[in-house]
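The file data_11.cif contains mmCIF, N, CA and C atoms:
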```
data_start
loop_
_atom_site.label_atom_id
_atom_site.label_comp_id
_atom_site.auth_asym_id
_atom_site.auth_seq_id
_atom_site.Cartn_x
_atom_site.Cartn_y
_atom_site.Cartn_z
N MET A 48 162.62 133.37 -3.80
CA MET A 48 161.57 132.89 -2.93
C MET A 48 160.32 133.75 -3.06
N MET A 49 160.53 135.03 -3.31
CA MET A 49 159.38 135.92 -3.49
C MET A 49 158.58 135.52 -4.74
N ILE A 50 159.27 135.11 -5.78
CA ILE A 50 158.58 134.69 -7.01
C ILE A 50 157.75 133.43 -6.74
N VAL A 51 158.32 132.51 -5.97
CA VAL A 51 157.59 131.28 -5.62
C VAL A 51 156.33 131.64 -4.81
N GLY A 52 156.50 132.52 -3.83
CA GLY A 52 155.36 132.95 -3.02
C GLY A 52 154.29 133.62 -3.86
N LEU A 53 154.73 134.44 -4.79
CA LEU A 53 153.80 135.11 -5.70
C LEU A 53 153.06 134.08 -6.56
N GLY A 54 153.80 133.08 -7.03
CA GLY A 54 153.18 132.02 -7.84
C GLY A 54 152.14 131.25 -7.05
N TYR A 55 152.45 130.92 -5.79
CA TYR A 55 151.48 130.21 -4.95
C TYR A 55 150.26 131.07 -4.66
N SER A 56 150.44 132.37 -4.64
CA SER A 56 149.32 133.27 -4.36
C SER A 56 148.43 133.47 -5.58
N ILE A 57 149.05 133.68 -6.73
CA ILE A 57 148.30 134.01 -7.94
C ILE A 57 147.85 132.77 -8.71
N GLY A 58 148.64 131.71 -8.66
CA GLY A 58 148.34 130.49 -9.43
C GLY A 58 146.94 129.94 -9.22
N PRO A 59 146.51 129.73 -7.98
CA PRO A 59 145.15 129.18 -7.78
C PRO A 59 144.05 130.11 -8.29
N ILE A 60 144.29 131.41 -8.21
CA ILE A 60 143.28 132.35 -8.70
C ILE A 60 143.16 132.25 -10.22
N ILE A 61 144.31 132.19 -10.89
CA ILE A 61 144.30 132.03 -12.34
C ILE A 61 143.64 130.71 -12.72
N LEU A 62 143.98 129.67 -11.97
CA LEU A 62 143.42 128.35 -12.23
C LEU A 62 141.90 128.36 -12.09
N ALA A 63 141.41 128.99 -11.05
CA ALA A 63 139.97 128.99 -10.80
C ALA A 63 139.19 129.94 -11.69
N THR A 64 139.85 130.98 -12.23
CA THR A 64 139.11 131.96 -13.01
C THR A 64 139.35 131.86 -14.51
N LYS A 65 140.57 131.57 -14.92
CA LYS A 65 140.92 131.60 -16.35
C LYS A 65 141.11 130.22 -16.97
N LEU A 66 141.42 129.22 -16.16
CA LEU A 66 141.76 127.90 -16.73
C LEU A 66 140.78 126.81 -16.32
N THR A 67 139.56 127.18 -16.00
CA THR A 67 138.58 126.17 -15.56
C THR A 67 138.26 125.16 -16.64
N HIS A 68 138.39 125.55 -17.90
CA HIS A 68 138.06 124.66 -19.02
C HIS A 68 139.23 123.78 -19.43
N VAL A 69 140.42 124.04 -18.89
CA VAL A 69 141.62 123.28 -19.26
C VAL A 69 141.78 122.10 -18.30
N PRO A 70 141.97 120.89 -18.84
CA PRO A 70 142.15 119.72 -17.97
C PRO A 70 143.39 119.85 -17.09
N GLY A 71 143.30 119.32 -15.88
CA GLY A 71 144.40 119.39 -14.92
C GLY A 71 145.74 118.90 -15.47
N PRO A 72 145.78 117.73 -16.15
CA PRO A 72 147.06 117.26 -16.66
C PRO A 72 147.72 118.23 -17.66
N VAL A 73 146.93 118.94 -18.43
CA VAL A 73 147.48 119.91 -19.38
C VAL A 73 148.11 121.08 -18.64
N VAL A 74 147.43 121.54 -17.59
CA VAL A 74 147.97 122.64 -16.78
C VAL A 74 149.26 122.19 -16.09
N VAL A 75 149.26 120.97 -15.55
CA VAL A 75 150.46 120.43 -14.90
C VAL A 75 151.62 120.37 -15.88
N ALA A 76 151.37 119.85 -17.07
CA ALA A 76 152.42 119.76 -18.08
C ALA A 76 152.95 121.14 -18.44
N GLY A 77 152.07 122.09 -18.61
CA GLY A 77 152.51 123.46 -18.95
C GLY A 77 153.30 124.10 -17.83
N ALA A 78 152.79 124.00 -16.60
CA ALA A 78 153.47 124.62 -15.46
C ALA A 78 154.83 124.00 -15.20
N THR A 79 154.91 122.68 -15.21
CA THR A 79 156.20 122.04 -14.95
C THR A 79 157.18 122.26 -16.10
N SER A 80 156.69 122.37 -17.32
CA SER A 80 157.58 122.65 -18.45
C SER A 80 158.18 124.05 -18.35
N VAL A 81 157.37 125.03 -17.98
CA VAL A 81 157.88 126.39 -17.82
C VAL A 81 158.95 126.44 -16.72
N VAL A 82 158.67 125.81 -15.60
CA VAL A 82 159.64 125.80 -14.50
C VAL A 82 160.92 125.09 -14.92
N ALA A 83 160.78 123.96 -15.61
CA ALA A 83 161.96 123.22 -16.07
C ALA A 83 162.80 124.07 -17.02
N LEU A 84 162.16 124.78 -17.93
CA LEU A 84 162.90 125.65 -18.85
C LEU A 84 163.62 126.78 -18.12
N CYS A 85 163.00 127.31 -17.08
CA CYS A 85 163.64 128.37 -16.29
C CYS A 85 164.89 127.86 -15.58
N TRP A 86 164.93 126.57 -15.22
CA TRP A 86 166.07 126.00 -14.52
C TRP A 86 167.19 125.55 -15.45
N VAL A 87 166.96 125.51 -16.76
CA VAL A 87 167.98 125.01 -17.69
C VAL A 87 169.31 125.76 -17.58
N PRO A 88 169.34 127.10 -17.58
CA PRO A 88 170.64 127.78 -17.49
C PRO A 88 171.43 127.42 -16.23
N TRP A 89 170.74 127.39 -15.09
CA TRP A 89 171.41 127.04 -13.84
C TRP A 89 171.91 125.59 -13.89
N SER A 90 171.09 124.70 -14.43
CA SER A 90 171.46 123.29 -14.51
C SER A 90 172.69 123.07 -15.38
N ILE A 91 172.76 123.76 -16.50
CA ILE A 91 173.92 123.64 -17.38
C ILE A 91 175.18 124.13 -16.69
N ALA A 92 175.06 125.24 -15.99
CA ALA A 92 176.23 125.82 -15.32
C ALA A 92 176.70 124.98 -14.14
N HIS A 93 175.82 124.19 -13.54
CA HIS A 93 176.17 123.41 -12.34
C HIS A 93 176.09 121.90 -12.58
N TRP A 94 176.17 121.47 -13.81
CA TRP A 94 176.03 120.05 -14.12
C TRP A 94 177.21 119.27 -13.53
N PRO A 95 176.94 118.20 -12.78
CA PRO A 95 178.03 117.41 -12.18
C PRO A 95 178.76 116.57 -13.23
N HIS A 96 179.94 116.11 -12.86
CA HIS A 96 180.73 115.27 -13.77
C HIS A 96 180.12 113.88 -13.94
N HIS A 97 179.50 113.38 -12.89
CA HIS A 97 178.91 112.04 -12.95
C HIS A 97 177.57 112.04 -12.21
N ILE A 98 176.59 111.39 -12.80
CA ILE A 98 175.28 111.23 -12.16
C ILE A 98 174.96 109.75 -12.12
N SER A 99 174.73 109.25 -10.92
CA SER A 99 174.47 107.81 -10.77
C SER A 99 173.05 107.46 -11.21
N GLY A 100 172.84 106.18 -11.43
CA GLY A 100 171.51 105.69 -11.77
C GLY A 100 170.53 105.93 -10.64
N GLU A 101 171.02 105.82 -9.41
CA GLU A 101 170.16 106.07 -8.25
C GLU A 101 169.68 107.53 -8.25
N THR A 102 170.56 108.44 -8.61
CA THR A 102 170.18 109.85 -8.67
C THR A 102 169.13 110.08 -9.74
N TRP A 103 169.34 109.49 -10.93
CA TRP A 103 168.36 109.63 -12.01
C TRP A 103 167.00 109.07 -11.59
N SER A 104 166.99 107.92 -10.90
CA SER A 104 165.72 107.33 -10.48
C SER A 104 165.05 108.19 -9.42
N CYS A 105 165.83 108.77 -8.52
CA CYS A 105 165.25 109.67 -7.51
C CYS A 105 164.63 110.90 -8.17
N VAL A 106 165.32 111.47 -9.14
CA VAL A 106 164.79 112.65 -9.85
C VAL A 106 163.50 112.28 -10.58
N ALA A 107 163.47 111.12 -11.20
CA ALA A 107 162.28 110.69 -11.93
C ALA A 107 161.10 110.51 -10.98
N VAL A 108 161.32 109.83 -9.86
CA VAL A 108 160.23 109.60 -8.91
C VAL A 108 159.75 110.91 -8.31
N LEU A 109 160.69 111.78 -7.92
CA LEU A 109 160.29 113.07 -7.35
C LEU A 109 159.53 113.91 -8.36
N SER A 110 159.95 113.86 -9.61
CA SER A 110 159.28 114.63 -10.66
C SER A 110 157.86 114.14 -10.90
N VAL A 111 157.72 112.84 -11.04
CA VAL A 111 156.41 112.28 -11.39
C VAL A 111 155.49 112.22 -10.17
N VAL A 112 155.96 111.60 -9.12
CA VAL A 112 155.09 111.36 -7.97
C VAL A 112 154.86 112.65 -7.17
N CYS A 113 155.96 113.29 -6.79
CA CYS A 113 155.81 114.44 -5.90
C CYS A 113 155.31 115.69 -6.61
N THR A 114 155.92 116.06 -7.70
CA THR A 114 155.55 117.31 -8.35
C THR A 114 154.26 117.18 -9.15
N ALA A 115 154.25 116.31 -10.13
CA ALA A 115 153.06 116.18 -10.98
C ALA A 115 151.87 115.68 -10.18
N GLY A 116 152.08 114.70 -9.32
CA GLY A 116 150.99 114.18 -8.50
C GLY A 116 150.43 115.25 -7.57
N ALA A 117 151.31 116.02 -6.96
CA ALA A 117 150.85 117.08 -6.07
C ALA A 117 150.07 118.14 -6.83
N PHE A 118 150.51 118.48 -8.03
CA PHE A 118 149.77 119.44 -8.84
C PHE A 118 148.37 118.94 -9.14
N LEU A 119 148.25 117.69 -9.53
CA LEU A 119 146.94 117.14 -9.86
C LEU A 119 146.01 117.15 -8.65
N VAL A 120 146.54 116.77 -7.50
CA VAL A 120 145.74 116.80 -6.27
C VAL A 120 145.36 118.24 -5.93
N PHE A 121 146.31 119.16 -6.10
CA PHE A 121 146.05 120.57 -5.80
C PHE A 121 144.95 121.14 -6.68
N PHE A 122 144.95 120.79 -7.97
CA PHE A 122 143.92 121.29 -8.86
C PHE A 122 142.54 120.78 -8.45
N GLU A 123 142.47 119.55 -8.00
CA GLU A 123 141.21 119.03 -7.51
C GLU A 123 140.79 119.75 -6.24
N LEU A 124 141.76 120.09 -5.41
CA LEU A 124 141.47 120.84 -4.19
C LEU A 124 140.91 122.22 -4.53
N VAL A 125 141.48 122.88 -5.53
CA VAL A 125 140.97 124.19 -5.96
C VAL A 125 139.52 124.06 -6.42
N LYS A 126 139.22 123.01 -7.18
CA LYS A 126 137.85 122.80 -7.64
C LYS A 126 136.90 122.56 -6.46
N GLU A 127 137.39 121.83 -5.47
CA GLU A 127 136.54 121.43 -4.34
C GLU A 127 136.29 122.58 -3.36
N VAL A 128 137.35 123.31 -2.95
CA VAL A 128 137.19 124.31 -1.90
C VAL A 128 137.39 125.74 -2.38
N GLY A 129 137.81 125.92 -3.62
CA GLY A 129 138.01 127.27 -4.14
C GLY A 129 139.46 127.71 -4.04
N SER A 130 139.79 128.70 -4.82
CA SER A 130 141.18 129.14 -4.92
C SER A 130 141.68 129.79 -3.64
N THR A 131 140.85 130.54 -2.98
CA THR A 131 141.29 131.25 -1.78
C THR A 131 141.63 130.29 -0.65
N ARG A 132 140.77 129.33 -0.43
CA ARG A 132 140.99 128.39 0.68
C ARG A 132 142.04 127.32 0.35
N SER A 133 142.26 127.04 -0.92
CA SER A 133 143.18 125.97 -1.29
C SER A 133 144.64 126.32 -1.00
N VAL A 134 145.00 127.60 -1.00
CA VAL A 134 146.41 127.95 -0.77
C VAL A 134 146.86 127.65 0.65
N VAL A 135 145.92 127.40 1.55
CA VAL A 135 146.28 127.07 2.92
C VAL A 135 147.13 125.80 2.98
N VAL A 136 146.97 124.93 2.00
CA VAL A 136 147.74 123.69 2.00
C VAL A 136 149.24 123.96 1.97
N THR A 137 149.66 125.05 1.36
CA THR A 137 151.10 125.37 1.30
C THR A 137 151.63 125.71 2.68
N TYR A 138 150.82 126.38 3.50
CA TYR A 138 151.27 126.71 4.86
C TYR A 138 151.27 125.47 5.74
N PHE A 139 150.23 124.67 5.62
CA PHE A 139 150.14 123.44 6.42
C PHE A 139 151.27 122.49 6.04
N ASN A 140 151.58 122.41 4.75
CA ASN A 140 152.67 121.56 4.28
C ASN A 140 154.00 121.98 4.90
N THR A 141 154.23 123.27 4.99
CA THR A 141 155.45 123.78 5.61
C THR A 141 155.52 123.40 7.08
N ALA A 142 154.40 123.50 7.78
CA ALA A 142 154.36 123.13 9.19
C ALA A 142 154.70 121.65 9.38
N ILE A 143 154.16 120.80 8.52
CA ILE A 143 154.46 119.37 8.59
C ILE A 143 155.94 119.12 8.31
N ALA A 144 156.51 119.83 7.34
CA ALA A 144 157.93 119.68 7.02
C ALA A 144 158.80 120.06 8.22
N VAL A 145 158.42 121.09 8.95
CA VAL A 145 159.18 121.50 10.14
C VAL A 145 159.11 120.39 11.20
N VAL A 146 157.93 119.85 11.43
CA VAL A 146 157.78 118.76 12.41
C VAL A 146 158.63 117.56 12.02
N LEU A 147 158.57 117.17 10.75
CA LEU A 147 159.37 116.03 10.30
C LEU A 147 160.86 116.32 10.39
N GLY A 148 161.26 117.55 10.11
CA GLY A 148 162.68 117.93 10.23
C GLY A 148 163.18 117.80 11.65
N VAL A 149 162.38 118.25 12.60
CA VAL A 149 162.76 118.17 14.01
C VAL A 149 162.73 116.72 14.48
N ALA A 150 161.67 115.98 14.13
CA ALA A 150 161.50 114.62 14.63
C ALA A 150 162.43 113.61 13.97
N ILE A 151 162.61 113.71 12.65
CA ILE A 151 163.37 112.67 11.94
C ILE A 151 164.81 113.09 11.66
N LEU A 152 165.01 114.33 11.26
CA LEU A 152 166.35 114.78 10.90
C LEU A 152 167.09 115.43 12.07
N HIS A 153 166.44 115.51 13.22
CA HIS A 153 167.03 116.08 14.43
C HIS A 153 167.48 117.52 14.24
N GLU A 154 166.70 118.27 13.48
CA GLU A 154 166.96 119.69 13.33
C GLU A 154 166.61 120.39 14.63
N PRO A 155 167.23 121.52 14.91
CA PRO A 155 166.99 122.18 16.21
C PRO A 155 165.56 122.71 16.33
N LEU A 156 165.01 122.57 17.51
CA LEU A 156 163.70 123.12 17.82
C LEU A 156 163.92 124.49 18.45
N THR A 157 163.71 125.52 17.67
CA THR A 157 164.02 126.88 18.11
C THR A 157 162.79 127.57 18.70
N ALA A 158 163.04 128.69 19.35
CA ALA A 158 161.94 129.49 19.90
C ALA A 158 161.00 129.96 18.79
N GLY A 159 161.56 130.30 17.65
CA GLY A 159 160.74 130.73 16.52
C GLY A 159 159.78 129.65 16.06
N ILE A 160 160.24 128.40 16.07
CA ILE A 160 159.38 127.28 15.69
C ILE A 160 158.29 127.09 16.74
N ILE A 161 158.68 127.16 18.00
CA ILE A 161 157.71 126.95 19.09
C ILE A 161 156.62 128.01 19.06
N VAL A 162 156.98 129.24 18.74
CA VAL A 162 155.98 130.32 18.66
C VAL A 162 155.24 130.28 17.32
N GLY A 163 155.97 130.07 16.24
CA GLY A 163 155.39 130.17 14.91
C GLY A 163 154.50 129.01 14.52
N PHE A 164 154.84 127.80 14.95
CA PHE A 164 154.07 126.62 14.55
C PHE A 164 152.59 126.73 14.93
N PRO A 165 152.27 127.04 16.20
CA PRO A 165 150.85 127.18 16.54
C PRO A 165 150.17 128.33 15.78
N LEU A 166 150.92 129.38 15.48
CA LEU A 166 150.35 130.49 14.72
C LEU A 166 150.00 130.05 13.30
N VAL A 167 150.87 129.26 12.68
CA VAL A 167 150.59 128.75 11.34
C VAL A 167 149.35 127.87 11.36
N LEU A 168 149.27 126.97 12.33
CA LEU A 168 148.10 126.10 12.43
C LEU A 168 146.82 126.89 12.70
N ALA A 169 146.91 127.89 13.58
CA ALA A 169 145.73 128.72 13.87
C ALA A 169 145.31 129.49 12.61
N GLY A 170 146.28 129.99 11.87
CA GLY A 170 145.98 130.68 10.62
C GLY A 170 145.30 129.77 9.61
N CYS A 171 145.76 128.52 9.54
CA CYS A 171 145.13 127.55 8.64
C CYS A 171 143.68 127.31 9.03
N VAL A 172 143.42 127.16 10.31
CA VAL A 172 142.06 126.93 10.79
C VAL A 172 141.19 128.15 10.49
N LEU A 173 141.69 129.33 10.80
CA LEU A 173 140.91 130.56 10.56
C LEU A 173 140.65 130.77 9.07
N ALA A 174 141.65 130.48 8.24
CA ALA A 174 141.51 130.71 6.81
C ALA A 174 140.54 129.73 6.16
N THR A 175 140.38 128.58 6.74
CA THR A 175 139.49 127.57 6.13
C THR A 175 138.15 127.45 6.80
N SER A 176 137.95 128.13 7.92
CA SER A 176 136.65 128.05 8.59
C SER A 176 135.63 128.88 7.83
N ARG A 177 134.45 128.36 7.75
CA ARG A 177 133.38 129.06 7.02
C ARG A 177 132.55 129.84 8.02
N LYS A 178 132.61 131.14 7.90
CA LYS A 178 131.76 131.99 8.74
C LYS A 178 130.86 132.78 7.82
N GLU A 179 129.61 132.79 8.16
CA GLU A 179 128.63 133.57 7.39
C GLU A 179 128.70 135.01 7.89
N LEU A 180 128.79 135.94 6.99
CA LEU A 180 128.75 137.34 7.36
C LEU A 180 127.30 137.75 7.57
N VAL A 181 127.04 138.36 8.70
CA VAL A 181 125.70 138.79 9.04
C VAL A 181 125.59 140.27 8.70
N ALA A 182 124.58 140.63 7.95
CA ALA A 182 124.38 142.04 7.60
C ALA A 182 123.95 142.82 8.82
N ALA A 183 124.54 143.98 8.98
CA ALA A 183 124.24 144.80 10.16
C ALA A 183 122.96 145.56 9.99
#
```
Do you think you could lay out the structure here as structure tokens?
Amino acid sequence: MMIVGLGYSIGPIILATKLTHVPGPVVVAGATSVVALCWVPWSIAHWPHHISGETWSCVAVLSVVCTAGAFLVFFELVKEVGSTRSVVVTYFNTAIAVVLGVAILHEPLTAGIIVGFPLVLAGCVLATSRKELVAA
């Protein structure tokens, strides 16, 4: 999880500073290919005996729509608001996932969620608000 967090932190900065000339689809293809290759050993070791057609179609839709589509939208977000402000989407996305988990999947609403959720939202607002620094 630390590696994922590090990737979310450093990725937009690299994208905005080193890969501005590379088209979004090329970056998406490269990033998803590297991640897929990293998962190959685990996938081979845990390969099920049978995979249904429904499972294959779910994997295909999640891969194309959710992963690749989200990457493309994220790259446009980096171009629009900058690398620093664009990472806020990962925190906001987590907050939405918690709400959907509680509302739809009937996951428990804990004290940590009740305290943490408003803090995440407040952090998102503070991180994306534009304040001009006034010279003293």
Subject >> DSSP helix (DSSP H, G or I) residues within chain A, as a ChimeraX atom specification >> reply: /A:49-64,71-92,100-128,130-133,135-150,158-175
Subject >> A:Gly170, A:Pro70, A:Gly163, A:Gly148 ranked by distance to A:Val134, top pick (using only C-alpha atoms) >> reply: A:Gly170
Original post:
To one decimal place, how far is atom N of A:Cys171 from atom CA of A:Thr157 in Å?
Top reply: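 Between atom N of A:Cys171 and atom CA of A:Thr157 the gap works out to 20.2 Å.
Distances here use only N, CA and C atoms; by that measure, the residue among A:Pro59, A:Pro95, A:Gly52, A:Gly71 closest to A:Phe118 is A:Gly71.
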Subject >> Top pick for closest residue to A:Val120, considering A:Gly58, A:Glu154, A:Val136, A:Leu168 and counting only C-alpha atoms >> reply: A:Val136
Original post:
Given the file above and the PyMOL selection byres (((chain A and resi 115 and name CA) around 12) and name CA), which residues are selected, and can you give them as a VMD selection string?
Top reply: chain A and resid 71 to 80 107 to 114 116 to 122
Original post:
Hey, which of A:Ile57, A:Leu124, A:Val145, A:Cys105 ends up closest to A:Gly159? Count only C-alpha atoms.
Top reply: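 Of A:Ile57, A:Leu124, A:Val145, A:Cys105, the one nearest A:Gly159 is A:Val145, counting only C-alpha atoms.
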**OP:** Could you please determine the separation between atom C of A:Val106 and atom N of A:Ser56 in Å, to one decimal place?
**Re:**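 Atom-to-atom, atom C of A:Val106 and atom N of A:Ser56 are spaced 24.7 Å apart.
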**OP:** Have a look at A:Val125, A:Ala150, A:Ala158, A:Ile143 and name the one nearest to A:Ile60; count only C-alpha atoms.
**Re:**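 Of A:Val125, A:Ala150, A:Ala158, A:Ile143, the one nearest A:Ile60, counting only C-alpha atoms, is A:Val125.
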Original post:
Distance atom C of A:Ala174-atom CA of A:Thr131, one decimal place?
Top reply: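 For atom C of A:Ala174 relative to atom CA of A:Thr131, the distance reads 8.1 Å.
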Since the input is missing atoms for stretch 90-100 of chain A, could you rebuild it with all heavy atoms and give the result as an mmCIF file, keeping the file's coordinate frame?
```
data_model
loop_
_atom_site.group_PDB
_atom_site.id
_atom_site.type_symbol
_atom_site.label_atom_id
_atom_site.label_comp_id
_atom_site.auth_asym_id
_atom_site.auth_seq_id
_atom_site.Cartn_x
_atom_site.Cartn_y
_atom_site.Cartn_z
ATOM 1 N N SER A 90 171.090 124.700 -14.430
ATOM 2 C CA SER A 90 171.460 123.290 -14.510
ATOM 3 C C SER A 90 172.690 123.070 -15.380
ATOM 4 O O SER A 90 173.577 122.282 -15.027
ATOM 5 C CB SER A 90 170.296 122.461 -15.056
ATOM 6 O OG SER A 90 169.174 122.572 -14.214
ATOM 7 N N ILE A 91 172.760 123.760 -16.500
ATOM 8 C CA ILE A 91 173.920 123.640 -17.380
ATOM 9 C C ILE A 91 175.180 124.130 -16.690
ATOM 10 O O ILE A 91 176.241 123.502 -16.752
ATOM 11 C CB ILE A 91 173.674 124.381 -18.714
ATOM 12 C CG1 ILE A 91 172.605 123.639 -19.514
ATOM 13 C CG2 ILE A 91 174.960 124.511 -19.519
ATOM 14 C CD1 ILE A 91 172.113 124.395 -20.737
ATOM 15 N N ALA A 92 175.060 125.240 -15.990
ATOM 16 C CA ALA A 92 176.230 125.820 -15.320
ATOM 17 C C ALA A 92 176.700 124.980 -14.140
ATOM 18 O O ALA A 92 177.879 125.039 -13.763
ATOM 19 C CB ALA A 92 175.904 127.238 -14.846
ATOM 20 N N HIS A 93 175.820 124.190 -13.540
ATOM 21 C CA HIS A 93 176.170 123.410 -12.340
ATOM 22 C C HIS A 93 176.090 121.900 -12.580
ATOM 23 O O HIS A 93 175.963 121.140 -11.628
ATOM 24 C CB HIS A 93 175.244 123.809 -11.197
ATOM 25 C CG HIS A 93 175.424 125.211 -10.755
ATOM 26 N ND1 HIS A 93 174.773 126.265 -11.351
ATOM 27 C CD2 HIS A 93 176.206 125.750 -9.793
ATOM 28 C CE1 HIS A 93 175.125 127.394 -10.764
ATOM 29 N NE2 HIS A 93 176.004 127.109 -9.814
ATOM 30 N N TRP A 94 176.170 121.470 -13.810
ATOM 31 C CA TRP A 94 176.030 120.050 -14.120
ATOM 32 C C TRP A 94 177.210 119.270 -13.530
ATOM 33 O O TRP A 94 178.361 119.615 -13.734
ATOM 34 C CB TRP A 94 175.996 119.867 -15.641
ATOM 35 C CG TRP A 94 175.473 118.519 -16.045
ATOM 36 C CD1 TRP A 94 176.208 117.443 -16.394
ATOM 37 C CD2 TRP A 94 174.117 118.121 -16.122
ATOM 38 N NE1 TRP A 94 175.391 116.391 -16.693
ATOM 39 C CE2 TRP A 94 174.084 116.776 -16.532
ATOM 40 C CE3 TRP A 94 172.907 118.766 -15.873
ATOM 41 C CZ2 TRP A 94 172.912 116.071 -16.695
ATOM 42 C CZ3 TRP A 94 171.731 118.055 -16.043
ATOM 43 C CH2 TRP A 94 171.745 116.728 -16.453
ATOM 44 N N PRO A 95 176.940 118.200 -12.780
ATOM 45 C CA PRO A 95 178.030 117.410 -12.180
ATOM 46 C C PRO A 95 178.760 116.570 -13.230
ATOM 47 O O PRO A 95 178.238 116.319 -14.321
ATOM 48 C CB PRO A 95 177.302 116.524 -11.170
ATOM 49 C CG PRO A 95 175.906 116.443 -11.652
ATOM 50 C CD PRO A 95 175.618 117.719 -12.395
ATOM 51 N N HIS A 96 179.940 116.110 -12.860
ATOM 52 C CA HIS A 96 180.730 115.270 -13.770
ATOM 53 C C HIS A 96 180.120 113.880 -13.940
ATOM 54 O O HIS A 96 180.221 113.287 -15.005
ATOM 55 C CB HIS A 96 182.172 115.145 -13.266
ATOM 56 C CG HIS A 96 182.895 116.455 -13.248
ATOM 57 N ND1 HIS A 96 183.244 117.117 -14.398
ATOM 58 C CD2 HIS A 96 183.312 117.231 -12.234
ATOM 59 C CE1 HIS A 96 183.862 118.242 -14.089
ATOM 60 N NE2 HIS A 96 183.903 118.336 -12.773
ATOM 61 N N HIS A 97 179.500 113.380 -12.890
ATOM 62 C CA HIS A 97 178.910 112.040 -12.950
ATOM 63 C C HIS A 97 177.570 112.040 -12.210
ATOM 64 O O HIS A 97 177.452 112.628 -11.147
ATOM 65 C CB HIS A 97 179.849 111.008 -12.291
ATOM 66 C CG HIS A 97 179.233 109.657 -12.165
ATOM 67 N ND1 HIS A 97 179.034 108.826 -13.242
ATOM 68 C CD2 HIS A 97 178.746 108.989 -11.093
ATOM 69 C CE1 HIS A 97 178.458 107.707 -12.835
ATOM 70 N NE2 HIS A 97 178.280 107.790 -11.534
ATOM 71 N N ILE A 98 176.590 111.390 -12.800
ATOM 72 C CA ILE A 98 175.280 111.230 -12.160
ATOM 73 C C ILE A 98 174.960 109.750 -12.120
ATOM 74 O O ILE A 98 174.926 109.089 -13.160
ATOM 75 C CB ILE A 98 174.187 111.997 -12.929
ATOM 76 C CG1 ILE A 98 174.529 113.479 -13.021
ATOM 77 C CG2 ILE A 98 172.840 111.808 -12.246
ATOM 78 C CD1 ILE A 98 173.583 114.281 -13.885
ATOM 79 N N SER A 99 174.730 109.250 -10.920
ATOM 80 C CA SER A 99 174.470 107.810 -10.770
ATOM 81 C C SER A 99 173.050 107.460 -11.210
ATOM 82 O O SER A 99 172.176 108.320 -11.297
ATOM 83 C CB SER A 99 174.676 107.405 -9.305
ATOM 84 O OG SER A 99 173.645 107.960 -8.507
ATOM 85 N N GLY A 100 172.840 106.180 -11.430
ATOM 86 C CA GLY A 100 171.510 105.690 -11.770
ATOM 87 C C GLY A 100 170.530 105.930 -10.640
ATOM 88 O O GLY A 100 169.346 106.214 -10.878
#
```
